[in-house]
file start-v7.cif (mmCIF, C-alpha atoms and all ligand atoms)
data_protein
loop_
_atom_site.label_atom_id
_atom_site.label_comp_id
_atom_site.auth_asym_id
_atom_site.auth_seq_id
_atom_site.Cartn_x
_atom_site.Cartn_y
_atom_site.Cartn_z
CA MET N 56 111.42 -7.12 44.67
CA THR N 57 110.55 -6.10 48.19
CA ASP N 58 107.31 -6.39 50.09
CA THR N 59 105.17 -3.76 48.42
CA ARG N 60 102.14 -4.66 50.48
CA THR N 61 103.63 -3.78 53.87
CA ARG N 62 105.17 -0.66 52.45
CA SER N 63 101.95 0.51 50.83
CA SER N 64 100.32 0.85 54.26
CA ARG N 65 103.02 3.21 55.40
CA GLU N 66 103.03 6.97 55.62
CA SER N 67 103.53 9.04 52.52
CA ILE N 68 106.85 10.85 52.27
CA LEU N 69 106.63 12.45 48.84
CA GLU N 70 103.52 13.42 46.97
CA VAL N 71 103.83 14.97 43.54
CA LYS N 72 100.60 16.45 42.21
CA ASN N 73 99.92 17.59 38.64
CA LEU N 74 103.47 18.81 38.08
CA VAL N 75 103.96 20.78 34.85
CA MET N 76 107.34 22.05 33.68
CA ASN N 77 108.30 23.53 30.31
CA TYR N 78 111.63 24.74 28.95
CA GLU N 79 111.43 28.13 27.31
CA LEU N 80 113.54 28.53 24.20
CA LYS N 81 115.12 31.78 22.99
CA ASP N 82 112.67 32.00 20.10
CA GLY N 83 109.75 31.74 22.51
CA GLY N 84 109.08 28.04 21.85
CA MET N 85 108.15 25.85 24.83
CA VAL N 86 109.40 22.29 25.31
CA SER N 87 106.72 20.40 27.21
CA ALA N 88 109.08 18.21 29.25
CA VAL N 89 106.90 17.42 32.30
CA GLU N 90 103.15 17.37 31.74
CA ASP N 91 100.75 16.77 34.60
CA VAL N 92 102.89 14.24 36.46
CA SER N 93 101.47 12.89 39.74
CA PHE N 94 102.71 10.11 42.02
CA GLU N 95 103.17 9.23 45.65
CA LEU N 96 106.11 7.61 47.38
CA LYS N 97 105.82 6.08 50.83
CA LYS N 98 108.51 5.76 53.46
CA GLY N 99 110.90 2.97 52.56
CA GLN N 100 109.44 2.52 49.06
CA SER N 101 111.40 2.51 45.83
CA LEU N 102 109.94 3.90 42.64
CA GLY N 103 111.50 3.30 39.26
CA LEU N 104 110.92 5.85 36.51
CA VAL N 105 111.39 4.41 33.03
CA GLY N 106 110.92 5.60 29.49
CA GLU N 107 112.84 6.35 26.32
CA SER N 108 115.61 8.89 26.37
CA GLY N 109 114.19 12.43 26.24
CA CYS N 110 110.82 11.55 27.85
CA GLY N 111 111.42 13.84 30.83
CA LYS N 112 112.81 11.59 33.58
CA THR N 113 115.73 13.86 34.48
CA SER N 114 113.50 16.91 34.17
CA VAL N 115 111.14 15.46 36.81
CA ALA N 116 114.08 14.71 39.11
CA LEU N 117 115.67 18.14 38.77
CA THR N 118 112.33 19.83 39.38
CA LEU N 119 111.85 17.80 42.57
CA LEU N 120 115.14 19.20 43.84
CA GLN N 121 114.41 22.64 42.38
CA LEU N 122 117.63 22.41 40.41
CA GLN N 123 116.09 22.69 36.97
CA ALA N 124 117.86 24.64 34.21
CA ALA N 125 117.55 28.43 34.08
CA ASN N 126 115.14 28.27 31.13
CA ALA N 127 112.81 25.86 32.95
CA ARG N 128 109.37 27.17 33.92
CA VAL N 129 107.36 25.31 36.53
CA LEU N 130 103.82 26.09 35.44
CA GLY N 131 101.86 24.21 38.04
CA GLY N 132 101.56 21.46 40.57
CA GLU N 133 102.75 20.57 44.04
CA ILE N 134 105.77 18.72 45.38
CA ASN N 135 104.88 17.79 48.95
CA LEU N 136 107.87 16.42 50.82
CA ASP N 137 106.89 15.25 54.28
CA GLY N 138 104.01 17.73 54.27
CA ILE N 139 105.90 20.76 52.87
CA ASN N 140 105.19 21.98 49.33
CA LEU N 141 108.68 22.60 47.97
CA LEU N 142 107.29 24.82 45.22
CA GLU N 143 106.17 27.35 47.83
CA LEU N 144 109.59 27.72 49.45
CA SER N 145 112.00 30.59 48.90
CA PRO N 146 115.38 29.64 47.36
CA GLU N 147 116.99 29.93 50.81
CA GLU N 148 114.34 27.71 52.43
CA MET N 149 114.73 25.19 49.60
CA ARG N 150 118.48 25.19 50.15
CA GLN N 151 117.85 23.91 53.69
CA HIS N 152 115.85 20.95 52.41
CA ARG N 153 118.05 20.03 49.46
CA TRP N 154 120.53 17.24 50.33
CA THR N 155 119.29 17.01 53.92
CA ASP N 156 115.72 15.95 53.05
CA ILE N 157 115.92 15.13 49.37
CA SER N 158 119.15 14.39 47.53
CA MET N 159 120.25 13.09 44.18
CA VAL N 160 122.86 11.02 42.44
CA PHE N 161 123.16 12.94 39.17
CA GLN N 162 123.38 11.31 35.77
CA GLY N 163 127.12 11.07 34.96
CA ALA N 164 128.16 12.36 38.41
CA MET N 165 130.97 9.83 38.81
CA ASN N 166 132.93 11.82 36.23
CA SER N 167 132.59 15.10 38.06
CA TRP N 168 134.87 14.49 41.06
CA ASN N 169 137.40 17.32 41.34
CA PRO N 170 140.80 15.72 40.60
CA VAL N 171 142.78 18.00 42.95
CA TYR N 172 141.00 17.07 46.20
CA THR N 173 140.67 13.70 47.88
CA VAL N 174 137.26 12.06 47.73
CA GLY N 175 137.01 12.34 51.53
CA GLU N 176 137.66 16.09 51.38
CA GLN N 177 134.91 16.55 48.83
CA ILE N 178 132.36 14.62 50.86
CA ARG N 179 133.39 16.56 53.96
CA GLU N 180 132.86 19.82 52.07
CA ALA N 181 129.31 18.78 51.20
CA MET N 182 128.68 17.93 54.86
CA ASP N 183 130.10 21.30 56.00
CA LEU N 184 127.68 23.06 53.69
CA HIS N 185 124.57 21.19 54.72
CA TRP N 186 124.93 19.88 58.26
CA ASP N 187 123.58 22.20 60.88
CA PRO N 188 125.69 22.61 62.96
CA LYS N 189 128.72 21.74 60.84
CA PRO N 190 130.34 18.45 61.82
CA THR N 191 133.64 18.49 63.70
CA ALA N 192 136.56 16.88 61.85
CA ALA N 193 136.13 13.73 63.95
CA GLU N 194 132.37 13.55 63.33
CA ALA N 195 132.86 14.03 59.61
CA TYR N 196 135.51 11.33 59.48
CA GLU N 197 133.37 8.92 61.45
CA LYS N 198 130.39 9.56 59.16
CA ILE N 199 132.45 9.04 56.00
CA VAL N 200 133.84 5.75 57.36
CA GLU N 201 130.23 4.67 58.04
CA LEU N 202 129.15 5.72 54.54
CA PHE N 203 132.10 4.00 52.85
CA ASN N 204 131.33 0.81 54.73
CA LEU N 205 127.69 1.13 53.70
CA VAL N 206 128.43 1.53 49.99
CA GLY N 207 131.22 -1.06 49.97
CA ILE N 208 134.37 1.08 49.77
CA ASN N 209 137.36 0.36 51.99
CA PRO N 210 137.56 3.37 54.39
CA GLU N 211 141.30 3.51 53.72
CA MET N 212 140.31 5.17 50.45
CA ILE N 213 139.01 8.30 52.23
CA GLU N 214 142.24 10.24 51.72
CA ARG N 215 142.77 9.03 48.16
CA TYR N 216 142.26 11.06 44.99
CA PRO N 217 139.52 10.34 42.43
CA HIS N 218 142.00 8.93 39.88
CA GLU N 219 142.84 6.19 42.38
CA PHE N 220 139.22 4.99 42.29
CA SER N 221 137.83 2.63 39.63
CA GLY N 222 134.64 3.69 37.80
CA GLY N 223 132.46 1.56 40.06
CA MET N 224 134.17 2.93 43.18
CA LYS N 225 133.71 6.51 41.99
CA GLN N 226 130.02 5.82 41.57
CA ARG N 227 129.79 4.22 45.03
CA ALA N 228 131.47 7.34 46.44
CA VAL N 229 128.88 9.54 44.68
CA ILE N 230 126.17 7.47 46.37
CA ALA N 231 127.98 7.92 49.72
CA MET N 232 128.02 11.68 49.15
CA ALA N 233 124.29 11.73 48.35
CA LEU N 234 123.65 9.86 51.62
CA SER N 235 125.91 12.09 53.73
CA CYS N 236 123.08 14.24 55.10
CA ASP N 237 120.72 11.30 55.82
CA PRO N 238 118.07 12.37 53.28
CA LYS N 239 114.47 11.14 53.52
CA VAL N 240 114.32 10.67 49.75
CA ILE N 241 117.12 9.98 47.33
CA ILE N 242 116.89 10.14 43.54
CA ALA N 243 119.37 8.08 41.56
CA ASP N 244 119.44 9.14 37.89
CA GLU N 245 120.86 6.39 35.64
CA PRO N 246 123.39 5.54 38.39
CA THR N 247 124.77 2.45 36.69
CA THR N 248 124.38 3.29 32.99
CA ALA N 249 128.07 4.03 32.34
CA LEU N 250 129.33 0.92 34.15
CA ASP N 251 129.97 -2.57 32.87
CA VAL N 252 127.35 -5.20 33.59
CA ILE N 253 129.09 -6.89 36.52
CA VAL N 254 129.82 -3.64 38.34
CA GLN N 255 126.28 -2.50 37.54
CA GLU N 256 124.90 -5.66 39.19
CA GLN N 257 127.05 -5.13 42.29
CA ILE N 258 125.98 -1.51 42.68
CA LEU N 259 122.31 -2.39 42.23
CA GLU N 260 122.63 -5.02 44.94
CA GLU N 261 124.35 -2.50 47.18
CA LEU N 262 121.66 0.11 46.62
CA LYS N 263 118.94 -2.40 47.41
CA LYS N 264 120.73 -3.38 50.61
CA ILE N 265 121.23 0.24 51.66
CA GLN N 266 117.60 1.04 50.97
CA ASP N 267 116.49 -1.82 53.20
CA GLU N 268 119.01 -1.05 55.93
CA LEU N 269 118.16 2.65 56.09
CA ASP N 270 114.48 2.16 55.23
CA MET N 271 115.00 4.86 52.66
CA SER N 272 112.65 6.11 49.97
CA ILE N 273 114.31 6.07 46.59
CA ILE N 274 113.43 7.16 43.07
CA TYR N 275 115.44 5.18 40.64
CA ILE N 276 115.64 6.49 37.08
CA SER N 277 116.67 4.31 34.18
CA HIS N 278 115.97 3.86 30.49
CA ASP N 279 116.63 0.15 31.20
CA ILE N 280 113.45 -1.56 32.32
CA ALA N 281 115.33 -4.71 33.43
CA VAL N 282 117.24 -2.65 35.99
CA ILE N 283 113.98 -1.24 37.37
CA ALA N 284 112.50 -4.75 37.60
CA GLU N 285 115.29 -5.82 39.86
CA ILE N 286 115.33 -3.03 42.34
CA THR N 287 111.96 -1.31 42.74
CA ASP N 288 108.59 -1.75 44.49
CA LEU N 289 106.77 0.60 42.13
CA MET N 290 107.30 1.38 38.50
CA GLY N 291 106.29 4.59 36.73
CA VAL N 292 106.38 4.66 32.93
CA MET N 293 106.89 8.02 31.23
CA TYR N 294 106.13 8.84 27.64
CA ALA N 295 106.77 12.25 26.06
CA GLY N 296 106.70 14.15 29.36
CA LYS N 297 103.70 12.30 30.78
CA LEU N 298 103.42 9.54 33.34
CA VAL N 299 101.28 7.01 31.46
CA GLU N 300 101.25 4.08 33.89
CA ILE N 301 102.31 3.58 37.49
CA GLY N 302 101.82 0.67 39.87
CA PRO N 303 103.50 -2.18 41.70
CA THR N 304 106.51 -3.28 39.63
CA ALA N 305 105.63 -6.97 39.73
CA GLU N 306 102.08 -6.23 38.58
CA LEU N 307 103.21 -4.05 35.68
CA PHE N 308 105.63 -6.72 34.55
CA ALA N 309 103.06 -9.47 34.82
CA LYS N 310 100.22 -7.53 33.27
CA PRO N 311 101.12 -4.21 31.66
CA ARG N 312 97.91 -2.30 30.89
CA HIS N 313 99.09 0.73 28.98
CA PRO N 314 99.89 0.10 25.30
CA TYR N 315 103.28 1.80 25.65
CA THR N 316 104.25 -0.28 28.71
CA TRP N 317 102.99 -3.38 26.91
CA LEU N 318 105.12 -2.55 23.87
CA ILE N 319 108.32 -1.73 25.76
CA LEU N 320 107.99 -4.95 27.73
CA SER N 321 107.28 -6.80 24.48
CA SER N 322 110.47 -5.36 23.03
CA THR N 323 112.61 -6.19 26.08
CA PRO N 324 114.25 -9.61 26.31
CA SER N 325 112.83 -11.59 29.20
CA ILE N 326 115.19 -11.94 32.13
CA THR N 327 113.86 -15.27 33.30
CA GLY N 328 111.38 -16.53 30.74
CA PRO N 329 111.93 -18.39 27.49
CA ARG N 330 113.43 -16.66 24.45
CA ARG N 331 110.91 -15.11 22.14
CA ALA N 332 110.90 -12.96 19.04
CA LEU N 333 110.75 -9.38 20.25
CA ALA N 334 108.03 -7.06 19.04
CA PRO N 335 109.54 -3.82 17.84
CA LEU N 336 108.31 -0.50 19.16
CA GLU N 337 107.89 1.40 15.92
CA GLY N 338 108.30 5.11 15.24
CA GLU N 339 110.15 7.85 17.06
CA PRO N 340 109.30 9.72 20.25
CA PRO N 341 107.54 13.01 19.43
CA ASN N 342 109.08 16.45 19.39
CA LEU N 343 108.12 17.99 22.73
CA LEU N 344 108.08 21.47 21.19
CA ASP N 345 104.88 20.42 19.48
CA PRO N 346 103.58 17.25 21.12
CA PRO N 347 100.75 15.27 19.48
CA SER N 348 97.21 16.29 20.40
CA GLY N 349 95.09 14.12 22.69
CA CYS N 350 97.08 11.12 23.89
CA ARG N 351 100.73 11.84 23.08
CA PHE N 352 101.28 8.18 22.19
CA HIS N 353 98.56 8.03 19.54
CA PRO N 354 100.82 8.24 16.43
CA ARG N 355 102.64 5.06 17.55
CA CYS N 356 99.83 3.22 19.28
CA PRO N 357 98.35 0.06 17.74
CA PHE N 358 95.13 0.55 19.75
CA ALA N 359 94.52 4.21 18.87
CA THR N 360 90.99 5.31 17.98
CA ASP N 361 89.71 8.72 16.82
CA LYS N 362 89.09 9.82 20.39
CA CYS N 363 92.80 9.30 21.19
CA SER N 364 93.98 12.09 18.91
CA GLN N 365 91.36 14.49 20.23
CA GLU N 366 91.08 13.98 23.97
CA GLU N 367 93.81 13.55 26.51
CA PRO N 368 93.23 10.49 28.70
CA PRO N 369 93.45 11.25 32.44
CA LEU N 370 95.56 9.14 34.80
CA SER N 371 92.96 6.96 36.50
CA GLU N 372 93.06 4.09 38.96
CA ILE N 373 92.39 0.61 37.57
CA GLY N 374 93.52 -1.38 40.61
CA GLU N 375 94.98 -0.71 44.05
CA GLY N 376 97.81 1.74 43.45
CA HIS N 377 97.72 1.00 39.71
CA MET N 378 97.00 4.04 37.54
CA ILE N 379 96.99 4.43 33.81
CA ALA N 380 96.24 7.10 31.22
CA CYS N 381 94.60 5.33 28.28
CA TRP N 382 91.14 5.33 26.75
CA ASN N 383 91.38 1.78 25.45
CA HIS N 384 93.31 -0.19 28.03
CA GLU N 385 90.79 -3.05 27.92
CA GLN N 386 92.03 -3.74 24.38
CA VAL N 387 95.59 -4.49 25.53
CA PRO N 388 96.17 -8.27 25.44
CA VAL N 389 97.09 -9.96 28.69
CA THR N 390 100.11 -11.51 27.01
CA LEU N 391 103.04 -9.68 25.49
CA ALA N 392 103.35 -9.03 21.77
CA THR N 393 105.93 -10.85 19.68
CA ALA N 394 107.53 -9.94 16.37
CA GLU N 395 105.01 -12.12 14.53
CA ASP N 396 102.28 -10.97 16.85
CA ASP N 397 100.30 -14.14 16.22
CA SER N 398 102.05 -16.03 18.99
CA ARG N 399 101.31 -13.59 21.76
CA SER N 400 101.04 -16.33 24.31
CA ALA N 401 104.80 -16.98 24.04
CA ASN N 402 105.60 -15.23 27.27
CA GLY N 403 102.72 -13.48 28.80
CA SER N 404 103.71 -13.77 32.42
CA GLN N 405 107.37 -12.86 32.58
N1 LIG A 1 117.50 23.15 29.32
C1 LIG A 1 116.73 22.61 28.37
N2 LIG A 1 116.18 23.42 27.41
C2 LIG A 1 115.35 22.91 26.45
N3 LIG A 1 115.01 21.63 26.37
C3 LIG A 1 115.52 20.79 27.30
C4 LIG A 1 116.40 21.23 28.33
N4 LIG A 1 116.75 20.16 29.09
C5 LIG A 1 116.11 19.10 28.55
N5 LIG A 1 115.37 19.46 27.48
C6 LIG A 1 114.46 18.62 26.68
O1 LIG A 1 113.45 18.15 27.57
C7 LIG A 1 113.05 16.84 27.22
C8 LIG A 1 113.21 15.91 28.41
O2 LIG A 1 114.58 15.77 28.69
P1 LIG A 1 115.13 14.90 29.92
O3 LIG A 1 114.35 15.28 31.13
O4 LIG A 1 116.60 15.08 29.97
O5 LIG A 1 114.76 13.42 29.47
P2 LIG A 1 115.31 11.99 29.98
O6 LIG A 1 116.03 12.20 31.28
O7 LIG A 1 114.10 11.15 30.07
O8 LIG A 1 116.24 11.51 28.90
C9 LIG A 1 113.90 16.45 26.02
O9 LIG A 1 113.14 16.74 24.87
C10 LIG A 1 115.11 17.37 26.12
O10 LIG A 1 115.66 17.61 24.85
S1 LIG A 2 94.71 6.58 24.76
FE1 LIG A 2 94.59 5.72 22.72
S2 LIG A 2 96.51 6.28 21.72
FE2 LIG A 2 96.75 6.59 23.91
S3 LIG A 2 97.69 4.74 24.61
FE3 LIG A 2 95.49 4.51 24.88
S4 LIG A 2 94.76 3.53 23.01
FE4 LIG A 2 96.81 4.28 22.59
MG MG A 3 118.02 11.69 31.77
#
call {"tool": "encode", "arguments": {"input": "start-v7.cif", "output": "structure tokens", "more": "lines below"}}
Ligand SMILES: Nc1ncnc2c1ncn2[C@@H]1O[C@H](COP(=O)(O)OP(=O)(O)O)[C@@H](O)[C@H]1O
Ligand code: SF4
Ligand SMILES: [Mg+2]
result
Amino acid sequence: MTDTRTRSSRESILEVKNLVMNYELKDGGMVSAVEDVSFELKKGQSLGLVGESGCGKTSVALTLLQLQAANARVLGGEINLDGINLLELSPEEMRQHRWTDISMVFQGAMNSWNPVYTVGEQIREAMDLHWDPKPTAAEAYEKIVELFNLVGINPEMIERYPHEFSGGMKQRAVIAMALSCDPKVIIADEPTTALDVIVQEQILEELKKIQDELDMSIIYISHDIAVIAEITDLMGVMYAGKLVEIGPTAELFAKPRHPYTWLILSSTPSITGPRRALAPLEGEPPNLLDPPSGCRFHPRCPFATDKCSQEEPPLSEIGEGHMIACWNHEQVPVTLATAEDDSRSANGSQ
């Protein structure tokens, strides 16, 4: 993990305030995919967004880029990128910011290279569309060589076709493409999920290196909390469309305060600590068409009280840069739960 302290004194690059986004279904139903999400990212910082599949991570990312599905309805909030609220821009104005100021490595993107063009041609096309003025052929070539070197691809591969790239190389090339307009913020959505563990490790290392070298701000999305631990300064935990805890990654790992964070860490094998019996996270995530009242986690929460099913807990600060949405966070033990749950001290400081 990088030096969060120095980075926390830096200028803010992205500020998301009270973002609300629903998907409207044909029958009039509304899927509450993003509910009152707020966070801030500073220049050079990396934020990991974690949470079970379907909790709204990709929906947040797509809304930030204003690339959400046609049935998505942004019902409120602000997305301030370097002082500009993206939600107030016209589609044409947004087009000028997308890729050049904020870009994204899409979930599964490594499988969407067009097989009939070389990878270099496809990156060049993206640069032609978004650079102003368009790059000359020589400038584009020079930039792609620089990007390939940065992401660890031999520049000789520029004129090769996607089928000549391995899975890991295709994913590196996707990252190169996302970097081709020198964005201020990059969002990487499950960028290593489809890859085998060794390639995943290499790409994570590479991303960390690139982030440091370019002093880039990155939002890293993964359902795998171990991946987030390795690469990010800040961690944001989402549950059923809501951000329930956010703070310095090391602090959340050492002392998770939200019951959901506590339970997912308790059900994740420790990377470095001793083996322990893992506490299961029981129950299923709720249906977002009709989310639970009050705190959305209350049907699965071991600390729930009557108030939890009636009143929604606000996201409030409990330490410097550490926010949580829970009425009863003082009840959460300082050590992780185990399967037996009577030997909670087994690994409380992983
Ligand atoms: N276009 C859509 N229309 C309706 N529901 C959607 C649409 N896209 C995603 N969803 C729903 O929104 C919720 C959040 O999805 P998503 O953002 O993809 O979650 P994650 O990336 O965390 O897995 C899920 O319940 C998903 O089924
Ligand atoms: S508010 Fe209540 S139900 Fe929600 S996480 Fe906290 S204790 Fe559990
Ligand atoms: Mg997703």
call {"tool": "residues_near_point", "arguments": {"input": "start-v7.cif", "point": "(93.6, -10.9, 26.3)", "cutoff": "12 Å", "atoms": "all atoms listed in the file", "output": "ChimeraX atom specification"}}
result
/N:310-312,384-392,399-400,403
call {"tool": "residues_near_ligand", "arguments": {"input": "start-v7.cif", "ligand": "ligand LIG 2 (chain A)", "cutoff": "12 Å", "atoms": "only C-alpha atoms and all ligand atoms", "output": "MDAnalysis selection string"}}
result
chainID N and resid 293:295 297:300 311:318 347:371 379:387
call {"tool": "closest_residue", "arguments": {"input": "start-v7.cif", "among": "N:Asp279, N:Glu375, N:Glu306, N:Glu219", "to": "Thr247 of chain N", "atoms": "only C-alpha atoms"}}
result
N:Asp279
call {"tool": "residues_around", "arguments": {"input": "start-v7.cif", "residues": "Leu119 of chain N", "least_positions_apart": "4", "cutoff": "9 Å", "atoms": "only C-alpha atoms", "output": "list in words"}}
result
Val71, Ser114, Val115, Gln123, Ile134, Leu141, Leu142 and Ile157 of chain N
call {"tool": "residues_near_ligand", "arguments": {"input": "start-v7.cif", "ligand": "ligand LIG 1 (chain A)", "cutoff": "6 Å", "atoms": "only C-alpha atoms and all ligand atoms", "output": "PyMOL selection string"}}
result
chain N and resi 78+86+88+108-114+124+126+343
call {"tool": "axis_aligned_box", "arguments": {"input": "start-v7.cif", "around": "segment 264-280 of chain N", "padding_each_side": "4 Å", "output": "JSON"}}
result
{"center_x": 116.9, "center_y": 1.9, "center_z": 43.3, "size_x": 16.6, "size_y": 18.5, "size_z": 33.6}
call {"tool": "closest_residue", "arguments": {"input": "start-v7.cif", "among": "N:Glu148, N:Glu107, N:Asp82, N:Glu180", "to": "ligand MG 3 (chain A)", "atoms": "all atoms listed in the file"}}
result
N:Glu107
call {"tool": "closest_residue", "arguments": {"input": "start-v7.cif", "among": "N:Thr155, N:Asn77, N:Thr304, N:Thr393", "to": "Ala181 of chain N", "atoms": "all atoms listed in the file"}}
result
N:Thr155
call {"tool": "closest_residue", "arguments": {"input": "start-v7.cif", "among": "N:Ala164, N:Ile283, N:Met378, N:Ile241", "to": "Gly302 of chain N", "atoms": "only C-alpha atoms"}}
result
N:Met378
call {"tool": "residues_near_point", "arguments": {"input": "start-v7.cif", "point": "(123.3, -2.6, 40.3)", "cutoff": "12 Å", "atoms": "only C-alpha atoms", "output": "PyMOL selection string"}}
result
chain N and resi 206+223+226-227+243+245-265+275+277+279+281-287
call {"tool": "residues_around", "arguments": {"input": "start-v7.cif", "residues": "Asp91 of chain N", "least_positions_apart": "5", "cutoff": "7 Å", "atoms": "all atoms listed in the file", "output": "ChimeraX atom specification"}}
result
/N:73-75,297
call {"tool": "closest_residue", "arguments": {"input": "start-v7.cif", "among": "N:Phe161, N:Trp154, N:Phe94, N:Trp186", "to": "ligand MG 3 (chain A)", "atoms": "only C-alpha atoms and all ligand atoms"}}
result
N:Phe161
call {"tool": "closest_residue", "arguments": {"input": "start-v7.cif", "among": "N:Leu130, N:Asn169, N:Val174, N:Ala231", "to": "Lys198 of chain N", "atoms": "all atoms listed in the file"}}
result
N:Ala231
call {"tool": "atom_distance", "arguments": {"input": "start-v7.cif", "atom1": "atom CA of Glu70 of chain N", "atom2": "atom CA of Gly132 of chain N"}}
result
10.5 Å
call {"tool": "atom_distance", "arguments": {"input": "start-v7.cif", "atom1": "atom CA of Val292 of chain N", "atom2": "atom CA of Gly103 of chain N"}}
result
8.3 Å
